[in-house]
Amino acid sequence: MLAGGRVGLAILRDAGLDWWPSRPRQAAMLEIAAGLARSHAEAIAQAAGEAAPLCDGLAAVAARVPSGTAVVLATGMDSPGAAFANIATDLMCRNPFEVLLVQDAVETAPPRARLTARIGHALIRGRFGPSGTAAFLTDRGIAVRVVRADAAEVLPA
């Protein structure tokens with residue numbers, strides 16, 4: 001920001017897209033920080049439901065950002081949608097694109113023990129396996145960095 005950079009924000013929500021266009025200066029960053037805090041509080045207050053596919057929101061962002069604008073997507077990839085890889089590939093043809101893949105300890109270091117879970121009326125025994133999401137992204141040429149939900153993350157400037 002101090003070196004003349006610009007920053008914008010898109011928050012993809014089931015209800016639609018919240019958009020702060022790219023602008024310079026600290027005031028823009030403060031607005032974005034406030035928007036993130038407000039959106040986080042609203043998401044926590046909402047009842048969990050069926051998530052809209054991430055590909056829909058990514059397509060809306062791709063349609064708005066100018067060529068050459070770096071796009072960083074922070075997500076858990078819980079509901080990417082069938083067209084996610086295609087939309088990301090199209091976006092990467094004109095914009096630097098990186099996924100910050102937010103994962104918890106069960107995804108990054110799953111417990112070895114066999115667990116029992118109730119699914120409906122049935123008891124199912126099984127084990128957690130490592131998440132294959134990072135490999136899915138990498139195999140499609142999408143830059144990915146795993147961000148542990150339970151650890152501090154320092155992003156390079």
# chains A, B, ... in the order shown; residues from 1 in each chain; ligands from 1
>>> residues_around(residues="range 141-154 of chain A", least_positions_apart="3", cutoff="10 Å", atoms="only C-alpha atoms", output="count of residues only")
28
>>> select_by_dssp(residues="range 7-157 of chain A", states="strand (DSSP E or B)", output="count of residues only")
44
>>> select_by_dssp(residues="range 8-157 of chain A", states="alpha helix (DSSP H)", output="ChimeraX atom specification")
/A:26-45,54-64,84-92,105-108,133-139
>>> residues_around(residues="range 19-32 of chain A", least_positions_apart="4", cutoff="12 Å", atoms="only C-alpha atoms", output="NGL selection string")
:A and (1-13 or 36-39 or 57 or 60-61 or 64-66 or 69-71)
>>> atom_distance(atom1="CA of Asp139 in chain A", atom2="CA of Asp78 in chain A")
18.0 Å
>>> atom_distance(atom1="CA of Ala109 in chain A", atom2="CA of Ile44 in chain A")
25.4 Å
>>> atom_distance(atom1="CA of Asp90 in chain A", atom2="CA of Cys55 in chain A")
11.8 Å
>>> residues_around(residues="Pro111 in chain A", least_positions_apart="3", cutoff="8 Å", atoms="only C-alpha atoms", output="list in words")
Val106, Arg127 and Phe128 of chain A
>>> write_last_selection(atoms="N, CA and C atoms", output="mmCIF file, in the first residue's frame")
data_model
loop_
_atom_site.group_PDB
_atom_site.id
_atom_site.type_symbol
_atom_site.label_atom_id
_atom_site.label_comp_id
_atom_site.auth_asym_id
_atom_site.auth_seq_id
_atom_site.Cartn_x
_atom_site.Cartn_y
_atom_site.Cartn_z
ATOM 1 N N VAL A 106 -7.582 -32.026 10.667
ATOM 2 C CA VAL A 106 -8.094 -33.303 10.162
ATOM 3 C C VAL A 106 -7.734 -33.474 8.687
ATOM 4 N N ARG A 127 -11.843 -44.381 8.612
ATOM 5 C CA ARG A 127 -10.683 -43.554 8.940
ATOM 6 C C ARG A 127 -10.735 -42.292 8.088
ATOM 7 N N PHE A 128 -10.137 -41.244 8.625
ATOM 8 C CA PHE A 128 -9.941 -40.038 7.833
ATOM 9 C C PHE A 128 -8.716 -40.252 6.961
#
>>> closest_residue(among="A:Asp56, A:Arg125, A:Ala43, A:Ser67", to="Leu17 in chain A", atoms="only C-alpha atoms")
A:Asp56
>>> closest_residue(among="A:Ala15, A:Leu115, A:Asn95, A:Gly68", to="Pro53 in chain A", atoms="only C-alpha atoms")
A:Ala15
